[in-house]
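Student: What follows is final_26.cif; its format and atoms are mmCIF, C-alpha atoms.
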data_entry
loop_
_atom_site.group_PDB
_atom_site.id
_atom_site.type_symbol
_atom_site.label_atom_id
_atom_site.label_comp_id
_atom_site.auth_asym_id
_atom_site.auth_seq_id
_atom_site.Cartn_x
_atom_site.Cartn_y
_atom_site.Cartn_z
ATOM 1 C CA MET H 1 -5.046 17.990 -6.367
ATOM 2 C CA ASN H 2 -8.443 18.672 -7.893
ATOM 3 C CA ASP H 3 -10.825 21.273 -6.537
ATOM 4 C CA ALA H 4 -14.188 20.200 -5.138
ATOM 5 C CA SER H 5 -15.984 20.731 -8.457
ATOM 6 C CA THR H 6 -13.641 18.529 -10.502
ATOM 7 C CA PRO H 7 -14.267 14.764 -10.525
ATOM 8 C CA ILE H 8 -11.512 12.488 -9.267
ATOM 9 C CA ARG H 9 -9.867 10.945 -12.344
ATOM 10 C CA VAL H 10 -9.289 7.206 -11.888
ATOM 11 C CA LEU H 11 -7.421 4.523 -13.819
ATOM 12 C CA VAL H 12 -8.685 0.979 -13.170
ATOM 13 C CA ALA H 13 -6.223 -1.888 -13.675
ATOM 14 C CA ASP H 14 -7.441 -5.485 -13.417
ATOM 15 C CA ASP H 15 -6.855 -8.466 -15.689
ATOM 16 C CA HIS H 16 -10.344 -9.927 -15.193
ATOM 17 C CA PRO H 17 -12.762 -8.197 -17.625
ATOM 18 C CA ALA H 18 -15.852 -8.833 -15.501
ATOM 19 C CA VAL H 19 -14.230 -7.503 -12.332
ATOM 20 C CA ARG H 20 -12.790 -4.514 -14.164
ATOM 21 C CA SER H 21 -16.150 -3.684 -15.702
ATOM 22 C CA GLY H 22 -17.832 -3.929 -12.314
ATOM 23 C CA LEU H 23 -15.315 -1.559 -10.729
ATOM 24 C CA VAL H 24 -15.657 0.892 -13.619
ATOM 25 C CA ALA H 25 -19.462 0.849 -13.337
ATOM 26 C CA LEU H 26 -19.269 1.393 -9.577
ATOM 27 C CA LEU H 27 -16.843 4.297 -9.832
ATOM 28 C CA ASP H 28 -18.724 5.964 -12.678
ATOM 29 C CA SER H 29 -21.920 5.805 -10.615
ATOM 30 C CA ALA H 30 -20.454 8.437 -8.283
ATOM 31 C CA ALA H 31 -20.864 12.036 -9.373
ATOM 32 C CA ASP H 32 -17.451 13.052 -8.030
ATOM 33 C CA ILE H 33 -15.469 10.196 -9.650
ATOM 34 C CA THR H 34 -14.781 9.476 -13.320
ATOM 35 C CA VAL H 35 -12.868 6.569 -14.872
ATOM 36 C CA ILE H 36 -10.569 7.959 -17.549
ATOM 37 C CA ALA H 37 -8.847 4.719 -18.615
ATOM 38 C CA GLU H 38 -8.560 0.982 -18.050
ATOM 39 C CA ALA H 39 -5.711 -1.523 -18.182
ATOM 40 C CA ALA H 40 -5.607 -5.318 -18.199
ATOM 41 C CA ASP H 41 -1.971 -5.855 -17.172
ATOM 42 C CA GLY H 42 0.750 -4.182 -15.175
ATOM 43 C CA GLU H 43 2.862 -2.690 -17.940
ATOM 44 C CA THR H 44 -0.180 -1.276 -19.710
ATOM 45 C CA ALA H 45 -1.270 0.294 -16.421
ATOM 46 C CA VAL H 46 2.053 2.124 -16.120
ATOM 47 C CA THR H 47 2.009 3.269 -19.742
ATOM 48 C CA THR H 48 -1.608 4.427 -19.433
ATOM 49 C CA ALA H 49 -0.909 6.262 -16.175
ATOM 50 C CA ARG H 50 1.983 8.127 -17.796
ATOM 51 C CA GLU H 51 -0.254 9.110 -20.690
ATOM 52 C CA HIS H 52 -3.418 10.123 -18.817
ATOM 53 C CA ARG H 53 -1.991 11.245 -15.440
ATOM 54 C CA PRO H 54 -4.895 10.005 -13.260
ATOM 55 C CA ASP H 55 -5.438 11.252 -9.730
ATOM 56 C CA VAL H 56 -5.897 7.710 -8.413
ATOM 57 C CA VAL H 57 -4.947 4.289 -9.770
ATOM 58 C CA LEU H 58 -7.104 1.418 -8.532
ATOM 59 C CA THR H 59 -5.046 -1.678 -9.273
ATOM 60 C CA ASP H 60 -5.343 -5.394 -8.695
ATOM 61 C CA VAL H 61 -2.422 -6.973 -6.886
ATOM 62 C CA ARG H 62 -2.036 -9.888 -9.325
ATOM 63 C CA MET H 63 -1.836 -9.172 -13.042
ATOM 64 C CA PRO H 64 0.094 -10.534 -16.038
ATOM 65 C CA GLY H 65 3.460 -9.038 -16.857
ATOM 66 C CA ALA H 66 3.998 -7.080 -13.662
ATOM 67 C CA THR H 67 2.072 -7.250 -10.408
ATOM 68 C CA GLY H 68 0.285 -4.354 -8.796
ATOM 69 C CA ILE H 69 3.000 -4.382 -6.145
ATOM 70 C CA GLU H 70 5.810 -4.138 -8.689
ATOM 71 C CA ILE H 71 4.252 -1.244 -10.603
ATOM 72 C CA THR H 72 3.230 0.832 -7.583
ATOM 73 C CA PRO H 73 6.485 2.858 -7.390
ATOM 74 C CA ARG H 74 6.234 3.687 -11.106
ATOM 75 C CA LEU H 75 2.580 4.647 -10.759
ATOM 76 C CA ARG H 76 3.428 7.002 -7.917
ATOM 77 C CA GLU H 77 6.063 8.646 -10.124
ATOM 78 C CA THR H 78 3.217 9.835 -12.370
ATOM 79 C CA GLY H 79 1.767 11.765 -9.444
ATOM 80 C CA ALA H 80 -1.078 9.315 -8.816
ATOM 81 C CA ASN H 81 -2.218 7.976 -5.481
ATOM 82 C CA VAL H 82 -2.326 4.179 -5.575
ATOM 83 C CA LEU H 83 -5.093 2.058 -4.072
ATOM 84 C CA VAL H 84 -4.479 -1.689 -4.305
ATOM 85 C CA ILE H 85 -7.569 -3.900 -4.329
ATOM 86 C CA SER H 86 -7.281 -7.665 -4.266
ATOM 87 C CA GLY H 87 -9.175 -10.860 -3.773
ATOM 88 C CA PHE H 88 -6.490 -11.886 -1.281
ATOM 89 C CA ASP H 89 -5.820 -10.552 2.203
ATOM 90 C CA LEU H 90 -2.582 -12.526 2.616
ATOM 91 C CA ASP H 91 -0.044 -10.708 4.775
ATOM 92 C CA ASP H 92 2.722 -10.791 2.170
ATOM 93 C CA TYR H 93 0.538 -9.081 -0.411
ATOM 94 C CA VAL H 94 -0.620 -6.440 2.064
ATOM 95 C CA LEU H 95 2.865 -5.643 3.374
ATOM 96 C CA GLY H 96 4.375 -5.802 -0.092
ATOM 97 C CA ALA H 97 1.887 -3.269 -1.446
ATOM 98 C CA LEU H 98 2.332 -0.873 1.463
ATOM 99 C CA ALA H 99 6.111 -1.204 1.322
ATOM 100 C CA ALA H 100 6.028 -0.333 -2.376
ATOM 101 C CA GLY H 101 4.277 2.935 -1.518
ATOM 102 C CA ALA H 102 0.589 2.139 -1.981
ATOM 103 C CA ASP H 103 -1.740 4.561 -0.218
ATOM 104 C CA GLY H 104 -4.204 1.834 0.686
ATOM 105 C CA TYR H 105 -5.129 -1.826 0.436
ATOM 106 C CA LEU H 106 -8.656 -3.219 0.167
ATOM 107 C CA VAL H 107 -10.145 -6.621 -0.570
ATOM 108 C CA LYS H 108 -12.702 -6.990 -3.338
ATOM 109 C CA SER H 109 -15.340 -8.204 -0.906
ATOM 110 C CA GLU H 110 -15.564 -4.699 0.573
ATOM 111 C CA ASP H 111 -18.921 -2.945 0.500
ATOM 112 C CA PRO H 112 -19.203 -0.856 -2.730
ATOM 113 C CA GLN H 113 -19.620 2.349 -0.736
ATOM 114 C CA ARG H 114 -16.424 1.529 1.135
ATOM 115 C CA ILE H 115 -14.537 1.309 -2.178
ATOM 116 C CA LEU H 116 -15.901 4.683 -3.287
ATOM 117 C CA ALA H 117 -14.968 6.231 0.061
ATOM 118 C CA ALA H 118 -11.478 4.739 -0.195
ATOM 119 C CA VAL H 119 -10.886 6.361 -3.588
ATOM 120 C CA ARG H 120 -11.897 9.716 -2.124
ATOM 121 C CA ASP H 121 -9.729 9.184 0.952
ATOM 122 C CA VAL H 122 -6.508 8.325 -0.903
ATOM 123 C CA HIS H 123 -7.145 11.222 -3.275
ATOM 124 C CA ARG H 124 -7.203 13.521 -0.231
ATOM 125 C CA GLY H 125 -3.904 12.046 0.901
ATOM 126 C CA ASP H 126 -5.287 9.791 3.623
ATOM 127 C CA ALA H 127 -4.399 6.130 4.100
ATOM 128 C CA VAL H 128 -6.945 3.338 3.679
ATOM 129 C CA LEU H 129 -6.588 -0.187 5.036
ATOM 130 C CA SER H 130 -9.072 -3.020 5.184
ATOM 131 C CA ALA H 131 -9.472 -4.759 8.531
ATOM 132 C CA ALA H 132 -7.347 -7.648 7.270
ATOM 133 C CA ALA H 133 -4.619 -5.270 6.072
ATOM 134 C CA THR H 134 -4.553 -3.564 9.464
ATOM 135 C CA ARG H 135 -4.125 -6.934 11.180
ATOM 136 C CA ALA H 136 -1.247 -7.780 8.820
ATOM 137 C CA VAL H 137 0.567 -4.537 9.618
ATOM 138 C CA VAL H 138 0.098 -4.913 13.373
ATOM 139 C CA GLY H 139 1.255 -8.531 13.204
ATOM 140 C CA ALA H 140 4.346 -7.615 11.180
ATOM 141 C CA LEU H 141 5.316 -4.871 13.602
ATOM 142 C CA ARG H 142 4.841 -7.236 16.530
ATOM 143 C CA ASP H 143 7.002 -9.936 14.926
ATOM 144 C CA ARG H 144 9.779 -7.578 13.974
ATOM 145 C CA GLY H 145 9.662 -5.829 17.304
ATOM 146 C CA ALA H 146 10.307 -9.165 18.969
ATOM 147 C CA GLY H 147 13.082 -9.944 16.498
ATOM 148 C CA THR H 148 11.621 -13.328 15.627
ATOM 149 C CA GLY H 149 10.820 -13.001 11.937
ATOM 150 C CA ALA H 150 14.225 -13.838 10.448
ATOM 151 C CA ALA H 151 14.979 -16.580 12.944
ATOM 152 C CA ARG H 152 11.650 -18.296 12.318
ATOM 153 C CA GLU H 153 12.171 -18.227 8.554
ATOM 154 C CA GLN H 154 15.662 -19.703 8.936
ATOM 155 C CA GLN H 155 14.355 -22.479 11.154
ATOM 156 C CA THR H 156 11.538 -23.432 8.795
ATOM 157 C CA THR H 157 13.856 -23.717 5.769
ATOM 158 C CA SER H 158 17.025 -25.148 7.355
ATOM 159 C CA GLY H 159 16.146 -28.866 7.334
ATOM 160 C CA PRO H 160 15.206 -31.158 4.454
ATOM 161 C CA GLU H 161 11.505 -30.714 5.150
ATOM 162 C CA GLY H 162 11.888 -26.945 5.380
ATOM 163 C CA ARG H 163 13.856 -26.794 2.128
ATOM 164 C CA GLY H 164 11.084 -28.737 0.473
ATOM 165 C CA ARG H 165 8.502 -26.237 1.677
ATOM 166 C CA ALA H 166 10.592 -23.311 0.436
ATOM 167 C CA ALA H 167 11.044 -24.936 -2.946
ATOM 168 C CA GLY H 168 7.330 -25.692 -2.963
ATOM 169 C CA ARG H 169 6.594 -22.022 -3.579
ATOM 170 C CA ASP H 170 7.422 -22.612 -7.219
ATOM 171 C CA ALA H 171 5.097 -25.571 -7.546
ATOM 172 C CA PRO H 172 2.052 -24.709 -9.654
ATOM 173 C CA GLY H 173 -1.196 -24.565 -7.784
ATOM 174 C CA ARG H 174 -0.074 -24.471 -4.137
ATOM 175 C CA HIS H 175 2.001 -21.962 -2.198
ATOM 176 C CA ARG H 176 2.954 -21.477 1.423
ATOM 177 C CA LEU H 177 2.814 -18.138 3.172
ATOM 178 C CA ASN H 178 3.310 -17.580 6.897
ATOM 179 C CA GLY H 179 2.997 -21.282 7.571
ATOM 180 C CA ALA H 180 -0.296 -21.776 5.699
ATOM 181 C CA GLU H 181 -0.907 -23.187 2.242
ATOM 182 C CA TYR H 182 -3.285 -21.694 -0.286
ATOM 183 C CA GLU H 183 -4.407 -22.515 -3.794
ATOM 184 C CA SER H 184 -3.390 -20.489 -6.827
ATOM 185 C CA GLY H 185 -3.841 -20.910 -10.551
ATOM 186 C CA ARG H 186 -0.316 -19.584 -11.180
ATOM 187 C CA ASN H 187 3.226 -20.362 -10.061
ATOM 188 C CA GLY H 188 4.892 -18.749 -7.059
ATOM 189 C CA ALA H 189 6.418 -15.767 -8.888
ATOM 190 C CA GLU H 190 3.948 -13.202 -7.596
ATOM 191 C CA VAL H 191 4.312 -14.547 -4.056
ATOM 192 C CA GLU H 192 8.076 -14.204 -4.190
ATOM 193 C CA SER H 193 7.662 -10.702 -5.600
ATOM 194 C CA ALA H 194 5.495 -9.723 -2.639
ATOM 195 C CA GLU H 195 7.968 -11.267 -0.217
ATOM 196 C CA ARG H 196 10.895 -9.431 -1.830
ATOM 197 C CA THR H 197 9.078 -6.131 -1.601
ATOM 198 C CA GLU H 198 8.096 -6.763 2.013
ATOM 199 C CA SER H 199 11.708 -7.659 2.807
ATOM 200 C CA SER H 200 12.964 -4.423 1.261
ATOM 201 C CA ALA H 201 10.542 -2.469 3.401
ATOM 202 C CA PHE H 202 11.754 -3.953 6.654
ATOM 203 C CA GLY H 203 15.482 -3.924 6.069
ATOM 204 C CA GLY H 204 16.384 -5.207 2.587
ATOM 205 C CA GLY H 205 17.361 -3.358 -0.565
ATOM 206 C CA GLY H 206 15.621 -0.398 -2.126
ATOM 207 C CA ARG H 207 13.813 2.320 -0.210
ATOM 208 C CA SER H 208 13.551 0.763 3.247
ATOM 209 C CA ILE H 209 11.111 1.696 5.981
ATOM 210 C CA ALA H 210 13.322 0.163 8.652
ATOM 211 C CA ALA H 211 16.480 1.818 7.336
ATOM 212 C CA ALA H 212 15.000 5.091 6.085
ATOM 213 C CA GLN H 213 17.383 7.891 6.979
ATOM 214 C CA GLU H 214 19.299 6.169 9.780
ATOM 215 C CA PRO H 215 19.932 7.777 12.182
ATOM 216 C CA ALA H 216 16.527 9.404 12.331
ATOM 217 C CA PRO H 217 16.379 12.872 10.766
ATOM 218 C CA SER H 218 15.687 15.975 12.800
ATOM 219 C CA PHE H 219 11.984 16.843 12.746
ATOM 220 C CA THR H 220 10.357 20.056 13.815
ATOM 221 C CA PRO H 221 8.045 19.699 16.846
ATOM 222 C CA ARG H 222 5.001 20.096 14.589
ATOM 223 C CA GLU H 223 6.267 17.447 12.145
ATOM 224 C CA GLU H 224 6.623 15.094 15.101
ATOM 225 C CA ASP H 225 3.070 15.881 16.187
ATOM 226 C CA VAL H 226 1.744 15.133 12.708
ATOM 227 C CA LEU H 227 3.728 11.900 12.313
ATOM 228 C CA ALA H 228 2.552 10.638 15.710
ATOM 229 C CA LEU H 229 -1.081 11.212 14.741
ATOM 230 C CA VAL H 230 -0.596 9.663 11.297
ATOM 231 C CA ALA H 231 0.770 6.576 13.060
ATOM 232 C CA GLN H 232 -2.432 6.475 15.128
ATOM 233 C CA GLY H 233 -4.444 6.271 11.911
ATOM 234 C CA LEU H 234 -5.915 9.778 11.956
ATOM 235 C CA SER H 235 -6.903 11.418 8.672
ATOM 236 C CA ASN H 236 -5.615 14.827 7.623
ATOM 237 C CA GLN H 237 -8.927 16.377 8.658
ATOM 238 C CA GLN H 238 -8.763 14.751 12.088
ATOM 239 C CA ILE H 239 -5.142 15.825 12.561
ATOM 240 C CA ALA H 240 -6.021 19.392 11.587
ATOM 241 C CA SER H 241 -8.855 19.450 14.117
ATOM 242 C CA HIS H 242 -6.687 17.895 16.830
ATOM 243 C CA LEU H 243 -3.836 20.371 16.354
ATOM 244 C CA PHE H 244 -6.049 23.361 15.539
ATOM 245 C CA ILE H 245 -4.343 23.976 12.198
ATOM 246 C CA GLU H 246 -5.428 24.007 8.548
ATOM 247 C CA ILE H 247 -5.459 20.823 6.446
ATOM 248 C CA THR H 248 -2.995 22.429 4.045
ATOM 249 C CA THR H 249 -0.622 22.930 6.968
ATOM 250 C CA VAL H 250 -0.964 19.254 7.926
ATOM 251 C CA LYS H 251 -0.140 18.219 4.364
ATOM 252 C CA SER H 252 2.860 20.542 4.309
ATOM 253 C CA HIS H 253 4.294 19.141 7.548
ATOM 254 C CA LEU H 254 3.702 15.572 6.396
ATOM 255 C CA SER H 255 5.299 16.269 3.032
ATOM 256 C CA HIS H 256 8.400 17.693 4.701
ATOM 257 C CA ALA H 257 8.605 14.699 7.057
ATOM 258 C CA LEU H 258 8.310 12.232 4.170
ATOM 259 C CA MET H 259 11.048 14.090 2.328
ATOM 260 C CA LYS H 260 13.351 13.875 5.345
ATOM 261 C CA LEU H 261 12.620 10.160 5.736
ATOM 262 C CA GLN H 262 12.957 9.586 1.974
ATOM 263 C CA LEU H 263 9.680 7.689 1.999
ATOM 264 C CA ASP H 264 6.743 7.854 -0.400
ATOM 265 C CA SER H 265 3.509 7.517 1.548
ATOM 266 C CA ARG H 266 1.843 8.192 4.881
ATOM 267 C CA VAL H 267 1.480 4.431 5.418
ATOM 268 C CA GLN H 268 5.238 4.009 5.214
ATOM 269 C CA ALA H 269 5.671 6.965 7.564
ATOM 270 C CA ALA H 270 3.247 5.394 10.045
ATOM 271 C CA LEU H 271 5.170 2.118 9.933
ATOM 272 C CA TRP H 272 8.463 3.966 10.434
ATOM 273 C CA TRP H 273 7.081 5.858 13.440
ATOM 274 C CA GLN H 274 5.721 2.693 15.045
ATOM 275 C CA GLN H 275 9.104 0.996 14.695
ATOM 276 C CA HIS H 276 11.315 3.901 15.740
ATOM 277 C CA ARG H 277 9.189 5.831 18.224
ATOM 278 C CA PRO H 278 7.405 3.225 20.406
#
Can you turn what I pasted into structure tokens?
Tutor:
Amino acid sequence: MNDASTPIRVLVADDHPAVRSGLVALLDSAADITVIAEAADGETAVTTAREHRPDVVLTDVRMPGATGIEITPRLRETGANVLVISGFDLDDYVLGALAAGADGYLVKSEDPQRILAAVRDVHRGDAVLSAAATRAVVGALRDRGAGTGAAREQQTTSGPEGRGRAAGRDAPGRHRLNGAEYESGRNGAEVESAERTESSAFGGGGRSIAAAQEPAPSFTPREEDVLALVAQGLSNQQIASHLFIEITTVKSHLSHALMKLQLDSRVQAALWWQQHRP
């Protein structure tokens, strides 16, 4: 963690040169943020992060080679906080990114000052979600709480028409997510990647939010207090003020709770709390 006098070191990863240049110019316009490197594809982003050790990686969700969702766990291994920014607010992308351990998800239509604030927030260890991302998370929790997600998917793909829709994900140009079609210039690989990552988060393979440390680990009373407030969307500063403790103490309790849950980010912890402690 940098001190207040040291600029936040950011790696920007986006395969569109114009978009990448715009993000770099925006970030460099802030006195407390500096862009130390750029990448145009997923694998280069990982290699560059390992070399430069940025504080924050701002990555597009869709890039050649490996998506922003797929590289998020490897980016976090370098010690960076990961902020995913995308032109799409589709639920599968949002949930996939958060399940992979991203600290935040924004859409590129956000106000420039909002993007700058988000970089600062994730660097402090806070979570950042666009309004659309928040709706996706709430909707996913509601669906899974009612136990309807898997049954609905089975129903929509069981008949001939449903099998055609499922196969249609691989058709160039059009894909179906959550019952709605959208246009894409690529095939369905990145969509399936997002869906796989979302599935792992809510009960599939890998590091699962739904299955993290089952049965639930034993938390200290203060860890429970912190997790409950994280799940309400409070920042570290707000939690510290609410509990009358130092921010460093909040971070310590949250770090211990994440370790017990074997999860990577406060967003994952918030999702776990919402599912296991209604």
Student: Report as a list in words all protein, DNA and RNA residues lying within 12 Å of Gly65 (chain H), evaluated on all atoms listed in the file, omitting residues in the same chain fewer than 4 positions from it.
Tutor: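 Counting only the stated atoms, we get Asp14, Asp15, Ala39, Ala40, Asp41, Gly42, Glu43, Thr44, Ala45, Val46, Val61, Ile69, Glu70, Ile71, Ala189 and Glu190 of chain H.
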Student: Hey, can you check how far CA of Ile8 (chain H) sits from CA of Gly125 (chain H)?
Tutor: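 Interatomic distance here is 12.7 Å.
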Student: Taking the file as shown, find all residues satisfying the PyMOL selection byres ((chain H and resi 250) around 10) and write them as a PyMOL selection string.
Tutor: chain H and resi 222-223+225-227+235-240+243+245-249+251-255
Student: Let me know the residues the PyMOL selection byres ((chain H and resi 114) around 12) catches in the file above, as a ChimeraX atom specification.
Tutor: /H:26-27,85,105-113,115-121,128-131
Student: Hey, what's within 9 Å of Phe219 (chain H) if we count all atoms listed in the file and toss same-chain stuff fewer than 3 positions away? As a PyMOL selection string, please?
Tutor: chain H and resi 216+222-224+256-257+260
Student: Would you please work out which residue, of H:Ala80, H:Ala99, H:Thr59, H:Ala49, is nearest to Leu23 (chain H) when using only C-alpha atoms?
Tutor: H:Thr59
Student: Take CA of Val84 (chain H) and CA of Asp264 (chain H) and report the distance between them in Å, one decimal.
Tutor: 15.2 Å
Student: Please indicate the distance in Å from CA of Glu38 (chain H) to CA of Glu51 (chain H), rounded to one decimal place.
Tutor: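 Going from CA of Glu38 (chain H) over to CA of Glu51 (chain H) covers 11.9 Å.
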Student: Can you give me, as a PDB file with C-alpha atoms, in the coordinates of the input, the residues this file yields under the PyMOL selection byres ((chain H and resi 101) around 7)?
Tutor:
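And here is the file that came out, part-v1.pdb:
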ATOM      1  CA  THR H  72       3.230   0.832  -7.583  1.00  0.00           C
ATOM      2  CA  PRO H  73       6.485   2.858  -7.390  1.00  0.00           C
ATOM      3  CA  ALA H  97       1.887  -3.269  -1.446  1.00  0.00           C
ATOM      4  CA  LEU H  98       2.332  -0.873   1.463  1.00  0.00           C
ATOM      5  CA  ALA H  99       6.111  -1.204   1.322  1.00  0.00           C
ATOM      6  CA  ALA H 100       6.028  -0.333  -2.376  1.00  0.00           C
ATOM      7  CA  ALA H 102       0.589   2.139  -1.981  1.00  0.00           C
ATOM      8  CA  ASP H 103      -1.740   4.561  -0.218  1.00  0.00           C
ATOM      9  CA  ASP H 264       6.743   7.854  -0.400  1.00  0.00           C
ATOM     10  CA  SER H 265       3.509   7.517   1.548  1.00  0.00           C
ATOM     11  CA  GLN H 268       5.238   4.009   5.214  1.00  0.00           C
TER      12      GLN H 268
END
Student: Please determine, counting only C-alpha atoms, which residue among H:Val230, H:Leu11, H:Val24, H:Ala140 has the shortest atom-to-atom distance to Leu75 (chain H).
Tutor: H:Leu11
